[in-house]
$ cat final.txt   # compact mmCIF, N, CA and C atoms
# COMPACT_ATOMS: atom_id res chain seq x y z
N MET E 15 -27.01 -35.89 -9.23
CA MET E 15 -27.65 -34.61 -9.51
C MET E 15 -27.66 -34.41 -11.02
N ASP E 16 -28.80 -34.03 -11.54
CA ASP E 16 -28.87 -33.88 -12.99
C ASP E 16 -28.26 -32.55 -13.45
N LEU E 17 -28.12 -32.44 -14.72
CA LEU E 17 -27.41 -31.32 -15.34
C LEU E 17 -28.02 -29.96 -14.97
N LEU E 18 -29.33 -29.84 -15.07
CA LEU E 18 -29.96 -28.54 -14.79
C LEU E 18 -29.83 -28.15 -13.32
N ASN E 19 -29.86 -29.12 -12.44
CA ASN E 19 -29.68 -28.81 -11.02
C ASN E 19 -28.25 -28.35 -10.74
N ARG E 20 -27.27 -28.99 -11.37
CA ARG E 20 -25.88 -28.53 -11.23
C ARG E 20 -25.72 -27.12 -11.79
N TYR E 21 -26.37 -26.88 -12.92
CA TYR E 21 -26.31 -25.56 -13.55
C TYR E 21 -26.92 -24.51 -12.64
N GLN E 22 -28.06 -24.85 -12.05
CA GLN E 22 -28.72 -23.91 -11.14
C GLN E 22 -27.85 -23.63 -9.92
N GLN E 23 -27.25 -24.66 -9.36
CA GLN E 23 -26.38 -24.48 -8.21
C GLN E 23 -25.18 -23.59 -8.56
N LEU E 24 -24.61 -23.82 -9.73
CA LEU E 24 -23.48 -23.01 -10.17
C LEU E 24 -23.88 -21.55 -10.37
N CYS E 25 -25.05 -21.35 -10.95
CA CYS E 25 -25.55 -19.97 -11.13
C CYS E 25 -25.72 -19.27 -9.79
N GLU E 26 -26.23 -19.99 -8.79
CA GLU E 26 -26.39 -19.42 -7.45
C GLU E 26 -25.03 -19.04 -6.86
N GLU E 27 -24.04 -19.91 -7.02
CA GLU E 27 -22.69 -19.63 -6.51
C GLU E 27 -22.11 -18.39 -7.18
N ILE E 28 -22.27 -18.30 -8.48
CA ILE E 28 -21.74 -17.16 -9.23
C ILE E 28 -22.44 -15.88 -8.80
N TYR E 29 -23.75 -15.94 -8.67
CA TYR E 29 -24.50 -14.74 -8.27
C TYR E 29 -24.07 -14.28 -6.88
N LEU E 30 -23.87 -15.21 -5.96
CA LEU E 30 -23.41 -14.87 -4.62
C LEU E 30 -22.03 -14.21 -4.67
N LEU E 31 -21.14 -14.78 -5.45
CA LEU E 31 -19.79 -14.22 -5.58
C LEU E 31 -19.83 -12.82 -6.19
N LEU E 32 -20.65 -12.65 -7.23
CA LEU E 32 -20.77 -11.33 -7.86
C LEU E 32 -21.40 -10.32 -6.91
N SER E 33 -22.30 -10.77 -6.07
CA SER E 33 -22.89 -9.88 -5.06
C SER E 33 -21.84 -9.43 -4.06
N GLN E 34 -20.96 -10.35 -3.66
CA GLN E 34 -19.84 -9.99 -2.77
C GLN E 34 -18.94 -8.96 -3.44
N GLU E 35 -18.62 -9.21 -4.70
CA GLU E 35 -17.78 -8.28 -5.45
C GLU E 35 -18.47 -6.92 -5.54
N ASN E 36 -19.76 -6.93 -5.79
CA ASN E 36 -20.54 -5.70 -5.90
C ASN E 36 -20.49 -4.91 -4.60
N ASN E 37 -20.64 -5.59 -3.47
CA ASN E 37 -20.58 -4.92 -2.17
C ASN E 37 -19.22 -4.28 -1.92
N LEU E 38 -18.16 -4.99 -2.28
CA LEU E 38 -16.82 -4.43 -2.13
C LEU E 38 -16.65 -3.17 -2.99
N LEU E 39 -17.10 -3.26 -4.23
CA LEU E 39 -16.95 -2.13 -5.14
C LEU E 39 -17.76 -0.92 -4.68
N LYS E 40 -18.93 -1.16 -4.11
CA LYS E 40 -19.75 -0.06 -3.60
C LYS E 40 -19.06 0.63 -2.43
N GLN E 41 -18.20 -0.10 -1.73
CA GLN E 41 -17.41 0.48 -0.64
C GLN E 41 -16.08 1.02 -1.16
N GLU E 42 -15.95 1.06 -2.48
CA GLU E 42 -14.75 1.55 -3.17
C GLU E 42 -13.51 0.75 -2.79
N GLN E 43 -13.70 -0.58 -2.67
CA GLN E 43 -12.60 -1.50 -2.42
C GLN E 43 -12.43 -2.38 -3.65
N VAL E 44 -11.20 -2.59 -4.05
CA VAL E 44 -10.90 -3.46 -5.18
C VAL E 44 -10.91 -4.90 -4.69
N PRO E 45 -11.64 -5.79 -5.37
CA PRO E 45 -11.66 -7.20 -4.96
C PRO E 45 -10.26 -7.81 -4.99
N ASP E 46 -9.99 -8.70 -4.04
CA ASP E 46 -8.66 -9.32 -3.99
C ASP E 46 -8.52 -10.39 -5.08
N GLN E 47 -7.30 -10.82 -5.27
CA GLN E 47 -6.98 -11.77 -6.34
C GLN E 47 -7.69 -13.11 -6.14
N ASN E 48 -7.89 -13.52 -4.89
CA ASN E 48 -8.57 -14.78 -4.61
C ASN E 48 -10.01 -14.75 -5.13
N LEU E 49 -10.71 -13.65 -4.90
CA LEU E 49 -12.07 -13.52 -5.39
C LEU E 49 -12.10 -13.54 -6.91
N LEU E 50 -11.18 -12.85 -7.54
CA LEU E 50 -11.13 -12.81 -9.00
C LEU E 50 -10.80 -14.18 -9.59
N ASN E 51 -9.90 -14.92 -8.95
CA ASN E 51 -9.58 -16.27 -9.42
C ASN E 51 -10.78 -17.20 -9.29
N THR E 52 -11.48 -17.10 -8.18
CA THR E 52 -12.69 -17.91 -7.97
C THR E 52 -13.73 -17.57 -9.02
N LYS E 53 -13.86 -16.29 -9.32
CA LYS E 53 -14.81 -15.84 -10.35
C LYS E 53 -14.46 -16.45 -11.70
N ARG E 54 -13.19 -16.41 -12.08
CA ARG E 54 -12.76 -16.99 -13.35
C ARG E 54 -13.06 -18.49 -13.42
N THR E 55 -12.78 -19.18 -12.33
CA THR E 55 -13.01 -20.63 -12.28
C THR E 55 -14.49 -20.95 -12.43
N LEU E 56 -15.33 -20.22 -11.69
CA LEU E 56 -16.77 -20.48 -11.77
C LEU E 56 -17.32 -20.14 -13.16
N LEU E 57 -16.83 -19.07 -13.75
CA LEU E 57 -17.31 -18.70 -15.08
C LEU E 57 -16.88 -19.72 -16.15
N SER E 58 -15.71 -20.30 -15.97
CA SER E 58 -15.30 -21.33 -16.94
C SER E 58 -16.16 -22.60 -16.78
N LYS E 59 -16.54 -22.92 -15.53
CA LYS E 59 -17.45 -24.04 -15.30
C LYS E 59 -18.82 -23.74 -15.92
N LEU E 60 -19.24 -22.50 -15.80
CA LEU E 60 -20.52 -22.09 -16.37
C LEU E 60 -20.52 -22.26 -17.88
N GLU E 61 -19.43 -21.89 -18.50
CA GLU E 61 -19.31 -22.03 -19.95
C GLU E 61 -19.43 -23.51 -20.36
N PHE E 62 -18.76 -24.36 -19.61
CA PHE E 62 -18.80 -25.79 -19.90
C PHE E 62 -20.22 -26.35 -19.74
N LEU E 63 -20.88 -26.00 -18.64
CA LEU E 63 -22.24 -26.49 -18.41
C LEU E 63 -23.23 -25.90 -19.40
N THR E 64 -22.99 -24.69 -19.84
CA THR E 64 -23.87 -24.07 -20.83
C THR E 64 -23.87 -24.89 -22.12
N GLU E 65 -22.70 -25.32 -22.52
CA GLU E 65 -22.61 -26.16 -23.71
C GLU E 65 -23.40 -27.46 -23.53
N GLN E 66 -23.31 -28.04 -22.37
CA GLN E 66 -24.04 -29.27 -22.11
C GLN E 66 -25.55 -29.04 -22.06
N CYS E 67 -25.96 -27.87 -21.59
CA CYS E 67 -27.39 -27.57 -21.45
C CYS E 67 -28.07 -27.24 -22.78
N LYS E 68 -27.31 -27.07 -23.81
CA LYS E 68 -27.91 -26.78 -25.11
C LYS E 68 -28.76 -27.94 -25.60
N GLN E 69 -28.62 -29.08 -24.96
CA GLN E 69 -29.38 -30.26 -25.34
C GLN E 69 -30.74 -30.31 -24.63
N VAL E 70 -31.08 -29.28 -23.86
CA VAL E 70 -32.33 -29.25 -23.10
C VAL E 70 -33.54 -29.26 -24.03
N GLY E 71 -33.40 -28.85 -25.25
CA GLY E 71 -34.51 -28.85 -26.19
C GLY E 71 -35.13 -30.22 -26.35
N GLN E 72 -34.37 -31.25 -26.07
CA GLN E 72 -34.87 -32.62 -26.17
C GLN E 72 -35.49 -33.09 -24.86
N ALA E 73 -35.43 -32.27 -23.82
CA ALA E 73 -35.90 -32.67 -22.50
C ALA E 73 -37.41 -32.47 -22.37
N GLY E 74 -37.94 -32.89 -21.22
CA GLY E 74 -39.37 -32.76 -20.96
C GLY E 74 -39.77 -31.35 -20.59
N VAL E 75 -41.07 -31.14 -20.40
CA VAL E 75 -41.63 -29.83 -20.10
C VAL E 75 -41.07 -29.27 -18.79
N GLU E 76 -40.95 -30.08 -17.76
CA GLU E 76 -40.44 -29.61 -16.47
C GLU E 76 -39.02 -29.08 -16.61
N ASP E 77 -38.21 -29.79 -17.38
CA ASP E 77 -36.84 -29.33 -17.59
C ASP E 77 -36.83 -28.00 -18.35
N LYS E 78 -37.74 -27.82 -19.26
CA LYS E 78 -37.80 -26.56 -20.00
C LYS E 78 -38.18 -25.41 -19.09
N LYS E 79 -39.09 -25.64 -18.14
CA LYS E 79 -39.45 -24.59 -17.19
C LYS E 79 -38.25 -24.24 -16.31
N GLN E 80 -37.54 -25.25 -15.88
CA GLN E 80 -36.35 -25.01 -15.08
C GLN E 80 -35.30 -24.28 -15.90
N ALA E 81 -35.18 -24.64 -17.16
CA ALA E 81 -34.22 -23.97 -18.05
C ALA E 81 -34.58 -22.49 -18.21
N GLN E 82 -35.86 -22.17 -18.26
CA GLN E 82 -36.29 -20.77 -18.37
C GLN E 82 -35.92 -20.01 -17.10
N ARG E 83 -36.11 -20.64 -15.94
CA ARG E 83 -35.74 -19.99 -14.68
C ARG E 83 -34.23 -19.75 -14.64
N LEU E 84 -33.48 -20.72 -15.14
CA LEU E 84 -32.03 -20.57 -15.18
C LEU E 84 -31.62 -19.45 -16.13
N GLN E 85 -32.33 -19.33 -17.23
CA GLN E 85 -32.03 -18.27 -18.17
C GLN E 85 -32.26 -16.91 -17.52
N GLN E 86 -33.31 -16.79 -16.75
CA GLN E 86 -33.58 -15.53 -16.04
C GLN E 86 -32.47 -15.25 -15.02
N LYS E 87 -32.01 -16.28 -14.33
CA LYS E 87 -30.92 -16.12 -13.37
C LYS E 87 -29.64 -15.70 -14.08
N LEU E 88 -29.39 -16.27 -15.23
CA LEU E 88 -28.21 -15.89 -16.01
C LEU E 88 -28.26 -14.42 -16.40
N MET E 89 -29.43 -13.93 -16.76
CA MET E 89 -29.57 -12.52 -17.12
C MET E 89 -29.22 -11.64 -15.91
N LYS E 90 -29.66 -12.04 -14.73
CA LYS E 90 -29.31 -11.29 -13.52
C LYS E 90 -27.80 -11.31 -13.29
N ILE E 91 -27.20 -12.48 -13.54
CA ILE E 91 -25.74 -12.61 -13.38
C ILE E 91 -25.02 -11.67 -14.34
N PHE E 92 -25.44 -11.67 -15.60
CA PHE E 92 -24.79 -10.81 -16.59
C PHE E 92 -24.94 -9.34 -16.26
N MET E 93 -26.13 -8.96 -15.80
CA MET E 93 -26.36 -7.55 -15.45
C MET E 93 -25.53 -7.14 -14.25
N LEU E 94 -25.44 -8.01 -13.24
CA LEU E 94 -24.65 -7.70 -12.06
C LEU E 94 -23.16 -7.65 -12.41
N ASP E 95 -22.70 -8.56 -13.24
CA ASP E 95 -21.30 -8.56 -13.64
C ASP E 95 -20.97 -7.29 -14.43
N ARG E 96 -21.87 -6.87 -15.28
CA ARG E 96 -21.65 -5.64 -16.05
C ARG E 96 -21.58 -4.43 -15.12
N GLU E 97 -22.48 -4.39 -14.14
CA GLU E 97 -22.45 -3.29 -13.16
C GLU E 97 -21.14 -3.30 -12.40
N ASN E 98 -20.68 -4.49 -12.00
CA ASN E 98 -19.41 -4.60 -11.27
C ASN E 98 -18.23 -4.12 -12.12
N GLU E 99 -18.23 -4.49 -13.38
CA GLU E 99 -17.14 -4.07 -14.27
C GLU E 99 -17.12 -2.54 -14.41
N LYS E 100 -18.28 -1.92 -14.51
CA LYS E 100 -18.34 -0.46 -14.61
C LYS E 100 -17.83 0.19 -13.32
N MET E 101 -18.25 -0.35 -12.19
CA MET E 101 -17.80 0.22 -10.91
C MET E 101 -16.31 0.04 -10.73
N LEU E 102 -15.79 -1.12 -11.12
CA LEU E 102 -14.36 -1.38 -11.00
C LEU E 102 -13.57 -0.41 -11.87
N LEU E 103 -14.02 -0.18 -13.08
CA LEU E 103 -13.35 0.77 -13.97
C LEU E 103 -13.38 2.17 -13.38
N THR E 104 -14.52 2.58 -12.87
CA THR E 104 -14.64 3.91 -12.24
C THR E 104 -13.71 4.03 -11.05
N LEU E 105 -13.66 2.99 -10.22
CA LEU E 105 -12.80 2.99 -9.05
C LEU E 105 -11.33 3.06 -9.45
N GLN E 106 -10.94 2.30 -10.45
CA GLN E 106 -9.55 2.32 -10.90
C GLN E 106 -9.18 3.68 -11.49
N LEU E 107 -10.10 4.29 -12.25
CA LEU E 107 -9.83 5.62 -12.80
C LEU E 107 -9.70 6.64 -11.68
N LYS E 108 -10.54 6.52 -10.67
CA LYS E 108 -10.49 7.44 -9.54
C LYS E 108 -9.15 7.30 -8.81
N GLN E 109 -8.71 6.06 -8.62
CA GLN E 109 -7.43 5.83 -7.94
C GLN E 109 -6.26 6.33 -8.79
N ASP E 110 -6.32 6.12 -10.10
CA ASP E 110 -5.26 6.60 -10.99
C ASP E 110 -5.20 8.12 -10.96
N THR E 111 -6.35 8.77 -10.98
CA THR E 111 -6.40 10.23 -10.95
C THR E 111 -5.85 10.75 -9.63
N HIS E 112 -6.22 10.10 -8.55
CA HIS E 112 -5.73 10.50 -7.23
C HIS E 112 -4.21 10.36 -7.16
N LEU E 113 -3.68 9.28 -7.69
CA LEU E 113 -2.23 9.08 -7.69
C LEU E 113 -1.53 10.12 -8.56
N SER E 114 -2.13 10.46 -9.69
CA SER E 114 -1.52 11.44 -10.59
C SER E 114 -1.46 12.81 -9.94
N TYR E 115 -2.54 13.22 -9.32
CA TYR E 115 -2.56 14.54 -8.67
C TYR E 115 -1.75 14.55 -7.39
N GLY E 116 -1.62 13.39 -6.75
CA GLY E 116 -0.85 13.30 -5.52
C GLY E 116 0.63 13.49 -5.77
N ASN E 117 1.09 13.26 -6.99
CA ASN E 117 2.51 13.39 -7.32
C ASN E 117 2.90 14.80 -7.76
N VAL E 118 1.93 15.69 -7.91
CA VAL E 118 2.21 17.05 -8.35
C VAL E 118 2.70 17.87 -7.17
N SER E 119 3.81 18.52 -7.36
CA SER E 119 4.38 19.35 -6.30
C SER E 119 3.80 20.76 -6.38
N ALA E 120 3.60 21.38 -5.24
CA ALA E 120 3.06 22.74 -5.19
C ALA E 120 4.15 23.78 -5.42
N THR E 121 5.40 23.40 -5.35
CA THR E 121 6.51 24.35 -5.47
C THR E 121 6.48 25.15 -6.77
N PRO E 122 6.31 24.53 -7.96
CA PRO E 122 6.28 25.34 -9.18
C PRO E 122 5.13 26.35 -9.18
N LEU E 123 4.02 25.99 -8.59
CA LEU E 123 2.89 26.92 -8.51
C LEU E 123 3.19 28.08 -7.58
N GLN E 124 3.90 27.79 -6.49
CA GLN E 124 4.27 28.86 -5.58
C GLN E 124 5.27 29.80 -6.22
N ASP E 125 6.20 29.27 -7.04
CA ASP E 125 7.18 30.10 -7.74
C ASP E 125 6.47 31.06 -8.68
N LEU E 126 5.43 30.60 -9.37
CA LEU E 126 4.68 31.46 -10.26
C LEU E 126 3.95 32.55 -9.49
N HIS E 127 3.46 32.22 -8.33
CA HIS E 127 2.71 33.17 -7.52
C HIS E 127 3.62 34.24 -6.94
N ASP E 128 4.85 33.89 -6.60
CA ASP E 128 5.80 34.84 -5.99
C ASP E 128 6.34 35.75 -7.00
$ encode --input "final.txt" --output "structure tokens"
Amino acid sequence: MDLLNRYQQLCEEIYLLLSQENNLLKQEQVPDQNLLNTKRTLLSKLEFLTEQCKQVGQAGVEDKKQAQRLQQKLMKIFMLDRENEKMLLTLQLKQDTHLSYGNVSATPLQDLHD
């Protein structure tokens, strides 16, 4: 399998994983550690293949068209990952706020009222 095909396959895997993460976050569920570890592994592979793909400028026209399609897919990946990061931050803040208010006792407020 040539480099661009491996790159395309990896992009598809990453997009699928990010879509799974996105679905969990929309349900206000924090992704488990296994999903996050898989995400890190795939992103490190993507970084490695990206370096190798920088040589596509020397390739033929067909490879350049495929490279453009991959670039578009990468943009979708980056946008989805950014959306996921925002949702995760919002979810974590919501959980932190809920925990903070859950620890407040009503007794001091009742003392003030009495």
$ closest_residue --input "final.txt" --among "E:Thr111, E:Asn98, E:Tyr21, E:Lys78" --to "Thr64 in chain E" --atoms "only N, CA and C atoms"
E:Tyr21
$ closest_residue --input "final.txt" --among "E:Lys100, E:Cys67, E:Asp110, E:Asp95" --to "Ser33 in chain E" --atoms "all atoms listed in the file"
E:Asp95
$ atom_distance --input "final.txt" --atom1 "CA of Leu57 in chain E" --atom2 "CA of Cys25 in chain E"
9.2 Å
$ closest_atom_pairs --input "final.txt" --of "range 63-104 of chain E" --to "range 36-45 of chain E" --cutoff "8 Å" --atoms "only C-alpha atoms" --output "CSV"
residue,atom,partner,partner_atom,distance
E:Leu94,CA,E:Asn36,CA,7.7
E:Glu97,CA,E:Asn36,CA,7.9
E:Asn98,CA,E:Asn36,CA,5.6
E:Met101,CA,E:Leu39,CA,6.3
E:Leu102,CA,E:Leu39,CA,6.5
$ atom_distance --input "final.txt" --atom1 "atom C of Gln109 in chain E" --atom2 "atom N of Thr52 in chain E"
24.0 Å
$ atom_distance --input "final.txt" --atom1 "atom N of Leu30 in chain E" --atom2 "CA of Leu56 in chain E"
10.6 Å
$ closest_residue --input "final.txt" --among "E:Glu65, E:Asp77, E:Glu35, E:Thr55" --to "Leu18 in chain E" --atoms "only N, CA and C atoms"
E:Asp77
$ residues_near_point --input "final.txt" --point "(-28.1, -14.5, -20.5)" --cutoff "12 Å" --atoms "only C-alpha atoms" --output "JSON, numbers by chain"
{"E": [25, 60, 61, 64, 81, 82, 83, 84, 85, 86, 87, 88, 89, 90, 91, 92, 93, 94, 95, 96]}
$ write_last_selection --input "final.txt" --atoms "N, CA and C atoms" --output "PDB file, in the frame of the given file"
ATOM      1  N   CYS E  25     -25.050 -21.350 -10.950  1.00  0.00           N
ATOM      2  CA  CYS E  25     -25.550 -19.970 -11.130  1.00  0.00           C
ATOM      3  C   CYS E  25     -25.720 -19.270  -9.790  1.00  0.00           C
ATOM      4  N   LEU E  60     -19.240 -22.500 -15.800  1.00  0.00           N
ATOM      5  CA  LEU E  60     -20.520 -22.090 -16.370  1.00  0.00           C
ATOM      6  C   LEU E  60     -20.520 -22.260 -17.880  1.00  0.00           C
ATOM      7  N   GLU E  61     -19.430 -21.890 -18.500  1.00  0.00           N
ATOM      8  CA  GLU E  61     -19.310 -22.030 -19.950  1.00  0.00           C
ATOM      9  C   GLU E  61     -19.430 -23.510 -20.360  1.00  0.00           C
ATOM     10  N   THR E  64     -22.990 -24.690 -19.840  1.00  0.00           N
ATOM     11  CA  THR E  64     -23.870 -24.070 -20.830  1.00  0.00           C
ATOM     12  C   THR E  64     -23.870 -24.890 -22.120  1.00  0.00           C
ATOM     13  N   ALA E  81     -35.180 -24.640 -17.160  1.00  0.00           N
ATOM     14  CA  ALA E  81     -34.220 -23.970 -18.050  1.00  0.00           C
ATOM     15  C   ALA E  81     -34.580 -22.490 -18.210  1.00  0.00           C
ATOM     16  N   GLN E  82     -35.860 -22.170 -18.260  1.00  0.00           N
ATOM     17  CA  GLN E  82     -36.290 -20.770 -18.370  1.00  0.00           C
ATOM     18  C   GLN E  82     -35.920 -20.010 -17.100  1.00  0.00           C
ATOM     19  N   ARG E  83     -36.110 -20.640 -15.940  1.00  0.00           N
ATOM     20  CA  ARG E  83     -35.740 -19.990 -14.680  1.00  0.00           C
ATOM     21  C   ARG E  83     -34.230 -19.750 -14.640  1.00  0.00           C
ATOM     22  N   LEU E  84     -33.480 -20.720 -15.140  1.00  0.00           N
ATOM     23  CA  LEU E  84     -32.030 -20.570 -15.180  1.00  0.00           C
ATOM     24  C   LEU E  84     -31.620 -19.450 -16.130  1.00  0.00           C
ATOM     25  N   GLN E  85     -32.330 -19.330 -17.230  1.00  0.00           N
ATOM     26  CA  GLN E  85     -32.030 -18.270 -18.170  1.00  0.00           C
ATOM     27  C   GLN E  85     -32.260 -16.910 -17.520  1.00  0.00           C
ATOM     28  N   GLN E  86     -33.310 -16.790 -16.750  1.00  0.00           N
ATOM     29  CA  GLN E  86     -33.580 -15.530 -16.040  1.00  0.00           C
ATOM     30  C   GLN E  86     -32.470 -15.250 -15.020  1.00  0.00           C
ATOM     31  N   LYS E  87     -32.010 -16.280 -14.330  1.00  0.00           N
ATOM     32  CA  LYS E  87     -30.920 -16.120 -13.370  1.00  0.00           C
ATOM     33  C   LYS E  87     -29.640 -15.700 -14.080  1.00  0.00           C
ATOM     34  N   LEU E  88     -29.390 -16.270 -15.230  1.00  0.00           N
ATOM     35  CA  LEU E  88     -28.210 -15.890 -16.010  1.00  0.00           C
ATOM     36  C   LEU E  88     -28.260 -14.420 -16.400  1.00  0.00           C
ATOM     37  N   MET E  89     -29.430 -13.930 -16.760  1.00  0.00           N
ATOM     38  CA  MET E  89     -29.570 -12.520 -17.120  1.00  0.00           C
ATOM     39  C   MET E  89     -29.220 -11.640 -15.910  1.00  0.00           C
ATOM     40  N   LYS E  90     -29.660 -12.040 -14.730  1.00  0.00           N
ATOM     41  CA  LYS E  90     -29.310 -11.290 -13.520  1.00  0.00           C
ATOM     42  C   LYS E  90     -27.800 -11.310 -13.290  1.00  0.00           C
ATOM     43  N   ILE E  91     -27.200 -12.480 -13.540  1.00  0.00           N
ATOM     44  CA  ILE E  91     -25.740 -12.610 -13.380  1.00  0.00           C
ATOM     45  C   ILE E  91     -25.020 -11.670 -14.340  1.00  0.00           C
ATOM     46  N   PHE E  92     -25.440 -11.670 -15.600  1.00  0.00           N
ATOM     47  CA  PHE E  92     -24.790 -10.810 -16.590  1.00  0.00           C
ATOM     48  C   PHE E  92     -24.940  -9.340 -16.260  1.00  0.00           C
ATOM     49  N   MET E  93     -26.130  -8.960 -15.800  1.00  0.00           N
ATOM     50  CA  MET E  93     -26.360  -7.550 -15.450  1.00  0.00           C
ATOM     51  C   MET E  93     -25.530  -7.140 -14.250  1.00  0.00           C
ATOM     52  N   LEU E  94     -25.440  -8.010 -13.240  1.00  0.00           N
ATOM     53  CA  LEU E  94     -24.650  -7.700 -12.060  1.00  0.00           C
ATOM     54  C   LEU E  94     -23.160  -7.650 -12.410  1.00  0.00           C
ATOM     55  N   ASP E  95     -22.700  -8.560 -13.240  1.00  0.00           N
ATOM     56  CA  ASP E  95     -21.300  -8.560 -13.640  1.00  0.00           C
ATOM     57  C   ASP E  95     -20.970  -7.290 -14.430  1.00  0.00           C
ATOM     58  N   ARG E  96     -21.870  -6.870 -15.280  1.00  0.00           N
ATOM     59  CA  ARG E  96     -21.650  -5.640 -16.050  1.00  0.00           C
ATOM     60  C   ARG E  96     -21.580  -4.430 -15.120  1.00  0.00           C
TER      61      ARG E  96
END
